[in-house]
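Trainee: Okay, so here is data09.txt, and as you'll see once you scroll down, it has compact mmCIF, C-alpha atoms and all ligand atoms.
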# COMPACT_ATOMS: atom_id res chain seq x y z
CA MET A 250 3.63 19.97 -10.42
CA PHE A 251 5.87 22.18 -12.50
CA LEU A 252 5.34 25.68 -13.71
CA PHE A 253 8.29 25.59 -15.97
CA LYS A 254 10.43 22.62 -16.83
CA LYS A 255 13.39 21.24 -18.74
CA LYS A 256 14.73 17.77 -17.93
CA LYS A 257 18.11 17.71 -16.16
CA GLU A 258 19.94 16.74 -12.96
CA LEU A 259 18.95 19.31 -10.36
CA ILE A 260 19.84 20.73 -7.00
CA GLY A 261 17.13 22.14 -4.74
CA ILE A 262 17.59 25.76 -3.69
CA ASP A 263 15.04 27.37 -1.39
CA ILE A 264 15.31 31.17 -1.35
CA GLY A 265 13.41 32.02 1.84
CA SER A 266 13.04 35.56 3.11
CA SER A 267 15.48 34.95 5.99
CA SER A 268 17.93 32.49 4.44
CA VAL A 269 18.91 30.41 1.43
CA LYS A 270 18.94 26.62 1.78
CA VAL A 271 20.52 24.11 -0.60
CA VAL A 272 20.08 20.32 -0.84
CA GLN A 273 21.55 17.81 -3.25
CA LEU A 274 20.30 14.22 -3.18
CA LYS A 275 21.19 11.01 -4.97
CA GLY A 276 18.85 8.09 -5.63
CA ASN A 277 15.27 7.49 -6.59
CA ASP A 278 12.05 5.62 -5.92
CA GLY A 279 11.80 6.53 -2.29
CA SER A 280 15.43 5.81 -1.41
CA TYR A 281 17.60 8.89 -1.23
CA GLN A 282 21.09 9.71 -0.08
CA LEU A 283 22.11 13.15 1.09
CA LEU A 284 25.07 14.54 -0.87
CA ASN A 285 24.93 18.16 0.28
CA ALA A 286 22.93 20.33 2.64
CA GLY A 287 23.55 23.89 3.74
CA ILE A 288 21.98 27.13 4.85
CA LEU A 289 23.15 30.77 4.82
CA PRO A 290 21.30 33.83 6.13
CA LEU A 291 20.12 36.68 3.89
CA PRO A 292 20.22 40.34 4.89
CA PRO A 293 16.83 41.40 6.38
CA GLU A 294 15.66 43.58 3.48
CA ALA A 295 16.78 41.32 0.60
CA ILE A 296 13.26 39.88 0.18
CA VAL A 297 10.21 41.88 1.20
CA ASP A 298 6.60 40.76 0.62
CA ASN A 299 7.77 37.90 -1.62
CA THR A 300 9.66 40.33 -3.86
CA LEU A 301 13.37 39.88 -4.56
CA MET A 302 14.36 43.46 -3.58
CA ASP A 303 18.13 43.15 -3.39
CA SER A 304 19.06 40.62 -6.04
CA ALA A 305 22.80 41.39 -5.73
CA ALA A 306 22.70 40.33 -2.06
CA ILE A 307 20.74 37.17 -2.91
CA VAL A 308 23.17 36.29 -5.73
CA GLY A 309 26.09 36.78 -3.31
CA VAL A 310 24.57 34.39 -0.75
CA VAL A 311 23.59 31.75 -3.34
CA LYS A 312 27.10 31.77 -4.89
CA ASN A 313 28.75 31.62 -1.51
CA LEU A 314 26.61 28.72 -0.31
CA VAL A 315 26.96 26.67 -3.49
CA SER A 316 30.72 27.18 -3.73
CA SER A 317 31.33 26.52 -0.02
CA LEU A 318 29.61 23.13 -0.45
CA GLY A 319 31.59 22.45 -3.63
CA ILE A 320 28.43 21.83 -5.67
CA LYS A 321 29.18 21.48 -9.37
CA ILE A 322 25.67 20.87 -10.75
CA LYS A 323 24.36 23.99 -12.46
CA ASP A 324 20.66 23.18 -12.87
CA VAL A 325 18.38 24.32 -10.12
CA VAL A 326 14.85 23.69 -8.86
CA CYS A 327 13.47 26.47 -6.65
CA SER A 328 10.02 27.31 -5.34
CA ILE A 329 7.68 30.22 -4.85
CA SER A 330 4.78 30.84 -2.49
CA GLY A 331 2.40 33.45 -1.12
CA ASN A 332 1.18 36.09 -3.50
CA SER A 333 3.71 34.99 -6.15
CA VAL A 334 1.53 32.03 -7.01
CA ILE A 335 -2.16 31.36 -7.56
CA ILE A 336 -3.48 27.90 -6.70
CA ARG A 337 -7.10 27.06 -7.44
CA LYS A 338 -9.08 23.87 -7.33
CA ILE A 339 -11.46 23.97 -10.28
CA VAL A 340 -14.06 21.63 -11.74
CA LEU A 341 -13.87 20.88 -15.48
CA PRO A 342 -15.56 18.43 -17.84
CA THR A 343 -13.71 15.09 -17.73
CA MET A 344 -11.07 14.90 -20.46
CA PRO A 345 -7.70 13.19 -20.97
CA GLN A 346 -4.48 14.85 -19.77
CA GLU A 347 -3.33 15.64 -23.35
CA GLU A 348 -6.57 17.37 -24.21
CA LEU A 349 -6.46 19.46 -21.05
CA GLU A 350 -2.87 20.47 -21.89
CA ASP A 351 -4.21 22.05 -25.08
CA GLN A 352 -7.17 23.66 -23.40
CA ILE A 353 -5.82 24.72 -20.03
CA SER A 354 -5.12 28.36 -20.95
CA TRP A 355 -8.60 28.81 -22.25
CA GLU A 356 -10.19 27.02 -19.27
CA ALA A 357 -8.02 28.86 -16.77
CA GLU A 358 -8.65 32.35 -18.04
CA GLN A 359 -11.63 33.04 -15.77
CA TYR A 360 -9.72 31.97 -12.64
CA ILE A 361 -6.58 34.02 -13.19
CA PRO A 362 -6.76 37.74 -12.47
CA PHE A 363 -3.99 38.55 -14.99
CA ASP A 364 -3.59 38.44 -18.76
CA ILE A 365 -3.13 34.75 -19.52
CA ASN A 366 -0.16 35.62 -21.75
CA ASP A 367 1.67 37.01 -18.71
CA VAL A 368 1.51 33.80 -16.67
CA ASN A 369 3.18 30.39 -16.52
CA MET A 370 0.64 27.72 -15.84
CA ASP A 371 0.48 24.11 -14.78
CA PHE A 372 -2.24 21.75 -13.56
CA GLN A 373 -2.79 18.39 -11.92
CA ILE A 374 -5.90 16.26 -12.49
CA LEU A 375 -6.99 15.24 -8.98
CA SER A 376 -10.09 13.06 -9.03
CA PRO A 377 -13.56 12.67 -10.55
CA ASP A 378 -16.08 15.12 -9.09
CA SER A 379 -18.04 13.34 -6.35
CA ASN A 380 -21.33 15.04 -7.33
CA ASP A 381 -21.09 14.73 -11.10
CA PRO A 382 -19.10 11.90 -12.73
CA SER A 383 -18.92 13.80 -16.04
CA LYS A 384 -16.70 16.38 -14.28
CA MET A 385 -13.26 16.22 -12.68
CA ASN A 386 -11.35 18.22 -10.03
CA VAL A 387 -8.23 19.91 -11.30
CA LEU A 388 -5.57 21.80 -9.35
CA LEU A 389 -4.56 24.86 -11.32
CA VAL A 390 -1.25 26.58 -10.52
CA ALA A 391 -0.19 29.86 -12.09
CA SER A 392 2.48 32.46 -11.59
CA LYS A 393 3.28 35.74 -13.30
CA LYS A 394 6.14 35.44 -15.77
CA ASP A 395 7.86 38.56 -14.43
CA ILE A 396 8.12 36.97 -10.97
CA ILE A 397 9.60 33.79 -12.44
CA ASN A 398 11.98 35.96 -14.47
CA ASP A 399 13.36 37.55 -11.27
CA TYR A 400 14.32 34.05 -10.10
CA VAL A 401 15.72 33.15 -13.54
CA SER A 402 17.98 36.25 -13.33
CA VAL A 403 19.16 35.55 -9.76
CA PHE A 404 20.26 32.04 -10.71
CA SER A 405 21.81 33.06 -14.00
CA GLU A 406 23.79 35.81 -12.24
CA SER A 407 24.86 33.11 -9.76
CA GLY A 408 26.23 31.08 -12.69
CA MET A 409 23.37 28.55 -12.70
CA ASN A 410 20.22 27.78 -14.70
CA LEU A 411 16.77 27.72 -13.21
CA SER A 412 15.19 24.58 -14.68
CA VAL A 413 12.11 23.95 -12.56
CA VAL A 414 9.91 26.22 -10.48
CA ASP A 415 7.86 24.47 -7.83
CA VAL A 416 5.59 25.70 -5.01
CA ASP A 417 6.61 25.64 -1.31
CA SER A 418 3.53 23.75 -0.09
CA PHE A 419 4.00 21.02 -2.74
CA ALA A 420 7.69 20.71 -1.86
CA ILE A 421 6.69 20.18 1.79
CA GLN A 422 4.27 17.48 0.70
CA ASN A 423 7.01 15.79 -1.29
CA ALA A 424 9.39 15.92 1.68
CA PHE A 425 6.68 14.47 3.94
CA GLU A 426 5.77 11.65 1.58
CA ALA A 427 9.42 10.66 1.11
CA ASN A 428 9.90 10.36 4.87
CA TYR A 429 6.65 9.11 6.39
CA ASP A 430 4.36 6.18 5.75
CA TYR A 431 0.79 7.22 6.14
CA ASN A 432 -2.46 5.45 5.65
CA SER A 433 -4.25 6.31 2.40
CA GLU A 434 -7.36 7.15 4.44
CA ASP A 435 -5.56 9.60 6.74
CA ILE A 436 -5.97 13.31 6.23
CA ILE A 437 -2.86 15.18 7.26
CA ALA A 438 -2.24 18.92 7.60
CA LEU A 439 1.29 20.04 6.73
CA VAL A 440 2.25 23.47 8.03
CA ASN A 441 5.50 25.22 7.10
CA ILE A 442 6.06 28.32 9.23
CA GLY A 443 8.92 30.47 7.96
CA ALA A 444 10.00 34.01 8.76
CA SER A 445 7.31 35.83 6.82
CA ILE A 446 4.93 33.22 5.46
CA MET A 447 3.08 30.12 6.55
CA ASN A 448 2.16 27.44 3.97
CA ILE A 449 -0.70 25.11 4.88
CA ASN A 450 -1.39 22.00 2.81
CA VAL A 451 -4.05 19.42 3.73
CA ILE A 452 -3.36 16.12 1.96
CA LYS A 453 -4.84 12.68 1.57
CA ASP A 454 -3.31 9.81 -0.36
CA GLY A 455 -0.84 12.04 -2.20
CA ILE A 456 -3.41 14.62 -3.19
CA THR A 457 -3.87 18.21 -2.01
CA LEU A 458 -7.36 18.70 -0.58
CA PHE A 459 -6.81 22.28 0.52
CA THR A 460 -3.92 24.70 0.46
CA ARG A 461 -3.48 28.24 1.69
CA ASP A 462 -0.57 30.59 2.32
CA VAL A 463 -0.86 33.09 5.17
CA GLN A 464 1.45 36.09 5.29
CA MET A 465 2.59 35.48 8.88
CA GLY A 466 5.63 33.82 10.50
CA GLY A 467 8.61 34.24 12.80
CA ASN A 468 9.00 37.96 12.01
CA LEU A 469 5.80 38.64 13.92
CA TYR A 470 7.46 37.60 17.21
CA THR A 471 10.43 39.85 16.56
CA GLU A 472 8.18 42.80 15.66
CA GLU A 473 5.95 42.34 18.72
CA ILE A 474 8.92 41.96 21.10
CA GLN A 475 10.41 45.14 19.62
CA LYS A 476 7.16 47.04 19.94
CA GLN A 477 6.05 45.85 23.36
CA ILE A 478 9.37 45.64 25.19
CA GLY A 479 11.18 48.38 23.29
CA LEU A 480 14.13 46.28 22.12
CA SER A 481 16.15 46.71 18.92
CA SER A 482 15.30 44.23 16.18
CA GLU A 483 18.58 42.32 16.80
CA ASP A 484 17.86 42.03 20.56
CA ALA A 485 14.24 41.07 19.88
CA GLU A 486 15.34 38.32 17.47
CA ALA A 487 17.91 37.05 20.00
CA GLY A 488 15.25 37.14 22.74
CA LYS A 489 12.98 34.97 20.62
CA LEU A 490 15.72 32.41 19.85
CA LEU A 491 16.77 32.12 23.51
CA ALA A 492 13.28 32.22 25.04
CA HIS A 493 13.48 28.62 26.29
CA GLU A 494 16.17 29.67 28.76
CA SER A 495 14.77 33.10 29.57
CA THR A 496 13.23 34.18 32.87
CA ASN A 497 11.95 37.47 31.44
CA ASN A 498 8.20 37.19 32.01
CA GLN A 499 7.39 40.10 29.74
CA LEU A 500 9.26 38.42 26.85
CA LEU A 501 7.65 35.05 27.50
CA HIS A 502 4.23 36.70 27.66
CA VAL A 503 4.70 38.33 24.22
CA ILE A 504 5.88 35.02 22.76
CA MET A 505 2.90 33.13 24.16
CA LYS A 506 0.53 35.79 22.73
CA VAL A 507 2.06 35.46 19.26
CA ASN A 508 1.95 31.64 19.59
CA GLU A 509 -1.80 32.05 20.01
CA THR A 510 -2.11 34.41 17.04
CA ILE A 511 -0.26 31.95 14.78
CA THR A 512 -2.30 29.04 16.14
CA GLN A 513 -5.57 30.91 15.49
CA GLU A 514 -4.52 31.47 11.89
CA ILE A 515 -3.78 27.73 11.45
CA ARG A 516 -7.04 26.88 13.14
CA ARG A 517 -9.00 29.21 10.87
CA SER A 518 -7.64 27.40 7.80
CA LEU A 519 -8.21 23.91 9.21
CA ASP A 520 -11.76 24.86 10.30
CA PHE A 521 -12.39 26.19 6.82
CA TYR A 522 -11.19 22.92 5.29
CA ASN A 523 -13.31 20.87 7.73
CA SER A 524 -16.41 22.95 7.00
CA THR A 525 -16.16 22.36 3.25
CA ALA A 526 -14.96 18.77 3.31
CA SER A 527 -17.24 15.90 2.60
CA ASP A 528 -14.28 13.69 3.47
CA ASN A 529 -13.23 12.71 6.97
CA ARG A 530 -11.61 15.10 9.41
CA ILE A 531 -7.91 15.92 9.71
CA SER A 532 -6.19 13.35 11.91
CA GLY A 533 -2.80 14.93 12.51
CA VAL A 534 -0.59 17.94 11.90
CA PHE A 535 3.09 18.03 10.91
CA VAL A 536 4.96 21.30 11.27
CA CYS A 537 8.24 22.51 9.81
CA GLY A 538 9.96 25.82 9.06
CA GLY A 539 12.33 27.72 11.38
CA CYS A 540 9.44 29.27 13.28
CA SER A 541 8.32 25.83 14.46
CA LYS A 542 11.32 26.03 16.84
CA VAL A 543 9.76 28.93 18.75
CA TYR A 544 9.35 28.29 22.46
CA LYS A 545 6.10 26.38 23.14
CA LEU A 546 4.58 27.01 19.69
CA ILE A 547 4.03 23.32 18.95
CA ASP A 548 2.46 22.80 22.40
CA THR A 549 0.11 25.72 21.80
CA ILE A 550 -0.95 24.43 18.38
CA SER A 551 -1.59 20.97 19.74
CA GLU A 552 -3.51 22.25 22.76
CA LYS A 553 -5.74 24.73 20.92
CA ILE A 554 -6.39 22.64 17.82
CA GLY A 555 -6.89 19.42 19.71
CA LEU A 556 -4.92 17.25 17.28
CA PRO A 557 -1.58 15.45 17.55
CA VAL A 558 1.14 17.80 16.29
CA GLU A 559 4.58 16.55 15.30
CA LYS A 560 7.73 18.10 13.90
CA LEU A 561 8.23 17.07 10.28
CA ASN A 562 11.72 15.61 10.03
CA PRO A 563 12.75 15.85 6.35
CA PHE A 564 15.82 13.66 7.00
CA ALA A 565 13.86 10.82 8.66
CA LYS A 566 14.44 8.31 5.86
CA ILE A 567 17.27 10.03 4.00
CA LYS A 568 20.51 8.08 4.20
CA TYR A 569 23.86 9.79 4.58
CA ILE A 570 27.50 8.89 5.11
CA GLU A 571 28.31 9.52 8.77
CA ASN A 572 31.76 10.88 7.99
CA ASP A 573 30.22 13.52 5.73
CA PHE A 574 27.49 14.83 8.03
CA ASP A 575 27.33 15.36 11.76
CA PRO A 576 23.95 13.96 12.92
CA GLU A 577 23.70 16.79 15.45
CA TYR A 578 24.10 19.36 12.67
CA LEU A 579 21.38 17.65 10.63
CA GLU A 580 19.09 17.65 13.66
CA GLU A 581 19.84 21.32 14.23
CA ILE A 582 18.93 22.32 10.65
CA ALA A 583 16.11 19.77 10.08
CA GLN A 584 13.29 22.24 10.72
CA PHE A 585 14.62 24.52 7.98
CA MET A 586 15.16 21.86 5.33
CA ALA A 587 11.76 20.43 4.36
CA VAL A 588 11.33 22.73 1.34
CA PRO A 589 14.81 22.16 -0.16
CA ILE A 590 14.57 18.38 0.49
CA GLY A 591 11.20 18.34 -1.28
CA LEU A 592 12.72 20.30 -4.17
CA ALA A 593 15.79 18.07 -4.47
CA ILE A 594 13.53 15.01 -4.69
CA ARG A 595 11.79 16.48 -7.75
CA ARG A 596 14.84 15.63 -9.80
CA VAL A 597 14.10 11.96 -9.53
CA GLY A 598 10.46 11.96 -8.60
CA ASP A 599 8.97 13.58 -11.72
CA LYS A 600 5.19 13.50 -11.45
N1 LIG A 701 15.84 28.37 17.40
C1 LIG A 701 14.85 29.13 16.94
N2 LIG A 701 13.84 29.50 17.77
C2 LIG A 701 12.83 30.27 17.31
N3 LIG A 701 12.74 30.76 16.05
C3 LIG A 701 13.71 30.44 15.21
C4 LIG A 701 14.81 29.61 15.59
N4 LIG A 701 15.62 29.47 14.54
C5 LIG A 701 15.05 30.19 13.53
N5 LIG A 701 13.90 30.76 13.92
C6 LIG A 701 13.02 31.62 13.13
O1 LIG A 701 12.61 30.91 11.98
C7 LIG A 701 12.39 31.82 10.91
C8 LIG A 701 13.13 31.34 9.68
O2 LIG A 701 12.57 30.12 9.26
P1 LIG A 701 12.72 29.63 7.76
O3 LIG A 701 14.15 29.53 7.42
O4 LIG A 701 11.86 28.44 7.61
O5 LIG A 701 12.09 30.89 6.99
P2 LIG A 701 12.36 31.35 5.48
O6 LIG A 701 12.21 30.17 4.60
O7 LIG A 701 13.65 32.09 5.39
O8 LIG A 701 11.21 32.41 5.31
P3 LIG A 701 9.88 32.40 4.40
O9 LIG A 701 9.67 31.04 3.86
O10 LIG A 701 8.81 32.83 5.35
O11 LIG A 701 10.15 33.43 3.36
C9 LIG A 701 12.88 33.18 11.37
O12 LIG A 701 11.77 33.97 11.77
C10 LIG A 701 13.75 32.83 12.58
O13 LIG A 701 13.78 33.85 13.55
MG MG A 702 10.57 29.23 3.68
Go ahead and express the file in the form of structure tokens.
Ligand SMILES: Nc1ncnc2c1ncn2[C@@H]1O[C@H](COP(=O)(O)OP(=O)(O)OP(=O)(O)O)[C@@H](O)[C@H]1O
Ligand SMILES: [Mg+2]
Mentor:
Amino acid sequence: MFLFKKKKELIGIDIGSSSVKVVQLKGNDGSYQLLNAGILPLPPEAIVDNTLMDSAAIVGVVKNLVSSLGIKIKDVVCSISGNSVIIRKIVLPTMPQEELEDQISWEAEQYIPFDINDVNMDFQILSPDSNDPSKMNVLLVASKKDIINDYVSVFSESGMNLSVVDVDSFAIQNAFEANYDYNSEDIIALVNIGASIMNINVIKDGITLFTRDVQMGGNLYTEEIQKQIGLSSEDAEAGKLLAHESTNNQLLHVIMKVNETITQEIRRSLDFYNSTASDNRISGVFVCGGCSKVYKLIDTISEKIGLPVEKLNPFAKIKYIENDFDPEYLEEIAQFMAVPIGLAIRRVGDK
């Protein structure tokens, strides 16, 4: 799925609202080797509500990260999510890929709340419609050109070229599929919980059945700790990170409350999928994103949703040279790296 593409060797760069992550991989066809992986924090106000507010700060961090890793490749794949992107499953008359390429703008017009000339668009033909064989399900993906242009500028000011723009929830799916064998009948929910946004993607046999982004993540803990215990934002953030060794009942209480709020939001989406699905039910959940490290969040999700919940390890099947990477470091950063791993795979895994 590409909104915008030129063919080149790429590195994956995930500009999240709390940090920038970079991954470079070598290899193809399901066998990958890690060449580079790194992460650097962004200042708190650099990205607000999916908008690149302080592009100078972002450029500084991107340049710093890329040069500290000694990465020479200039072509980048990044991703967008939340209200920067519109994803719709639509039903169209069955037609070949090439024909739909010509017609997609026209077909898409009624689903996109912007002037069609202002958006970049892509689609993926999913399957024949189960009710009407003369129709097919198509996943439509669109983003406003001015949003894409903000990313183009950030990378060009960083001395690189933005070659592909992907979507966070599809990158997560790519990272999952490269690292886990799953039965083609299984329905899996992938949940990436970052600082400000949560991407939910329900998949079966390589296809998205349902996807939704919810504007909620790790920041909510920090805000609630600040508000309810009266701490500064730095102390609240530190309290959240160290909660597993804390004996402060008030802090633990706030964290458990927010765990429930986040879980409810996941549950609402999964219930919505289950209520509309003619297919079988979801059989398991994989979570990633920095917020999945929050004290007892995974336990709460598993308990309240009643499904097995596992951490998605994006390095599970990725090979690396032991002298180049400390396994403990990779384990430490694994929860943050599913999106950039999924992006870096795009280079070789063109769909
Ligand atoms: N050890 C930890 N325990 C709890 N929370 C953590 C831990 N480490 C990081 N986090 C939280 O994870 C979040 C960052 O995760 P991530 O890097 O996936 O987000 P992001 O990609 O920058 O943001 P987004 O995708 O939402 O824009 C922050 O809210 C941070 O406080
Ligand atoms: Mg993120």
Trainee: Just give me the gap between CA of Gly443 (chain A) and CA of Val463 (chain A) in Å, one decimal is fine.
Mentor: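 Result for CA of Gly443 (chain A) versus CA of Val463 (chain A): 10.5 Å, one decimal.
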Trainee: Could you name the residues that touch Leu411 (chain A) at 8 Å or less, counting only C-alpha atoms, but leaving out those on the same chain fewer than 4 positions away, as an mmCIF file with C-alpha atoms, in the coordinates of the input?
Mentor:
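Wrote it out as selection.cif, contents follow:
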data_model
loop_
_atom_site.group_PDB
_atom_site.id
_atom_site.type_symbol
_atom_site.label_atom_id
_atom_site.label_comp_id
_atom_site.auth_asym_id
_atom_site.auth_seq_id
_atom_site.Cartn_x
_atom_site.Cartn_y
_atom_site.Cartn_z
ATOM 1 C CA ASP A 324 20.660 23.180 -12.870
ATOM 2 C CA VAL A 325 18.380 24.320 -10.120
ATOM 3 C CA VAL A 326 14.850 23.690 -8.860
ATOM 4 C CA CYS A 327 13.470 26.470 -6.650
ATOM 5 C CA TYR A 400 14.320 34.050 -10.100
ATOM 6 C CA VAL A 401 15.720 33.150 -13.540
ATOM 7 C CA PHE A 404 20.260 32.040 -10.710
ATOM 8 C CA SER A 405 21.810 33.060 -14.000
#
Trainee: So which residues touch Gly467 (chain A) within 6 Å, counting all atoms listed in the file, skipping near sequence neighbours fewer than 3 positions away, as a list in words?
Mentor: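 Near Gly467 (chain A), the qualifying residues are Ala444, Tyr470 and Cys540 of chain A.
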Trainee: Between CA of Glu426 (chain A) and CA of Val543 (chain A), what is the spacing in Å?
Mentor: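 Taking CA of Val543 (chain A) as the start and CA of Glu426 (chain A) as the end point, the length is 24.7 Å.
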Trainee: Report as a VMD selection string which protein, DNA and RNA residues come within 9 Å of ligand MG 702 (chain A), using only C-alpha atoms and all ligand atoms.
Mentor: chain A and resid 263 to 270 330 417 441 to 448 538 to 539 585 to 588
Trainee: Given only C-alpha atoms and all ligand atoms as the basis, pick out the residue of A:Ala306, A:Ile288, A:Val403, A:Ala357 nearest to ligand LIG 701 (chain A).
Mentor: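 Ranked by minimum distance to ligand LIG 701 (chain A), first place goes to A:Ile288.
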Trainee: Do a neighbour search on Asn423 (chain A) at 9 Å with only C-alpha atoms, toss out local chain neighbours closer than 5 positions, and write the hits as a PyMOL selection string.
Mentor: chain A and resi 418+428+455+587-588+590-592+594-595+598
Trainee: Taking all atoms listed in the file into account, name the residue in A:Pro362, A:Pro576, A:Pro290, A:Gly276 that is nearest to ligand LIG 701 (chain A).
Mentor: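 Among the listed residues, the smallest separation from ligand LIG 701 (chain A) belongs to A:Pro290.
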Trainee: Excluding region 382-395 of chain A and residues on its chain fewer than 3 positions from it, collect all residues at most 6 Å away from it, counting all atoms listed in the file, and give them as an mmCIF file with C-alpha atoms, keeping the file's coordinate frame.
Mentor:
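And here is the file that came out, part.cif:
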data_model
loop_
_atom_site.group_PDB
_atom_site.id
_atom_site.type_symbol
_atom_site.label_atom_id
_atom_site.label_comp_id
_atom_site.auth_asym_id
_atom_site.auth_seq_id
_atom_site.Cartn_x
_atom_site.Cartn_y
_atom_site.Cartn_z
ATOM 1 C CA VAL A 334 1.530 32.030 -7.010
ATOM 2 C CA ILE A 335 -2.160 31.360 -7.560
ATOM 3 C CA ILE A 336 -3.480 27.900 -6.700
ATOM 4 C CA ARG A 337 -7.100 27.060 -7.440
ATOM 5 C CA LYS A 338 -9.080 23.870 -7.330
ATOM 6 C CA ILE A 339 -11.460 23.970 -10.280
ATOM 7 C CA VAL A 340 -14.060 21.630 -11.740
ATOM 8 C CA LEU A 341 -13.870 20.880 -15.480
ATOM 9 C CA PRO A 342 -15.560 18.430 -17.840
ATOM 10 C CA THR A 343 -13.710 15.090 -17.730
ATOM 11 C CA ASP A 367 1.670 37.010 -18.710
ATOM 12 C CA VAL A 368 1.510 33.800 -16.670
ATOM 13 C CA ASN A 369 3.180 30.390 -16.520
ATOM 14 C CA MET A 370 0.640 27.720 -15.840
ATOM 15 C CA ASP A 371 0.480 24.110 -14.780
ATOM 16 C CA PHE A 372 -2.240 21.750 -13.560
ATOM 17 C CA GLN A 373 -2.790 18.390 -11.920
ATOM 18 C CA ILE A 374 -5.900 16.260 -12.490
ATOM 19 C CA LEU A 375 -6.990 15.240 -8.980
ATOM 20 C CA SER A 376 -10.090 13.060 -9.030
ATOM 21 C CA PRO A 377 -13.560 12.670 -10.550
ATOM 22 C CA ASP A 378 -16.080 15.120 -9.090
ATOM 23 C CA ASN A 398 11.980 35.960 -14.470
#
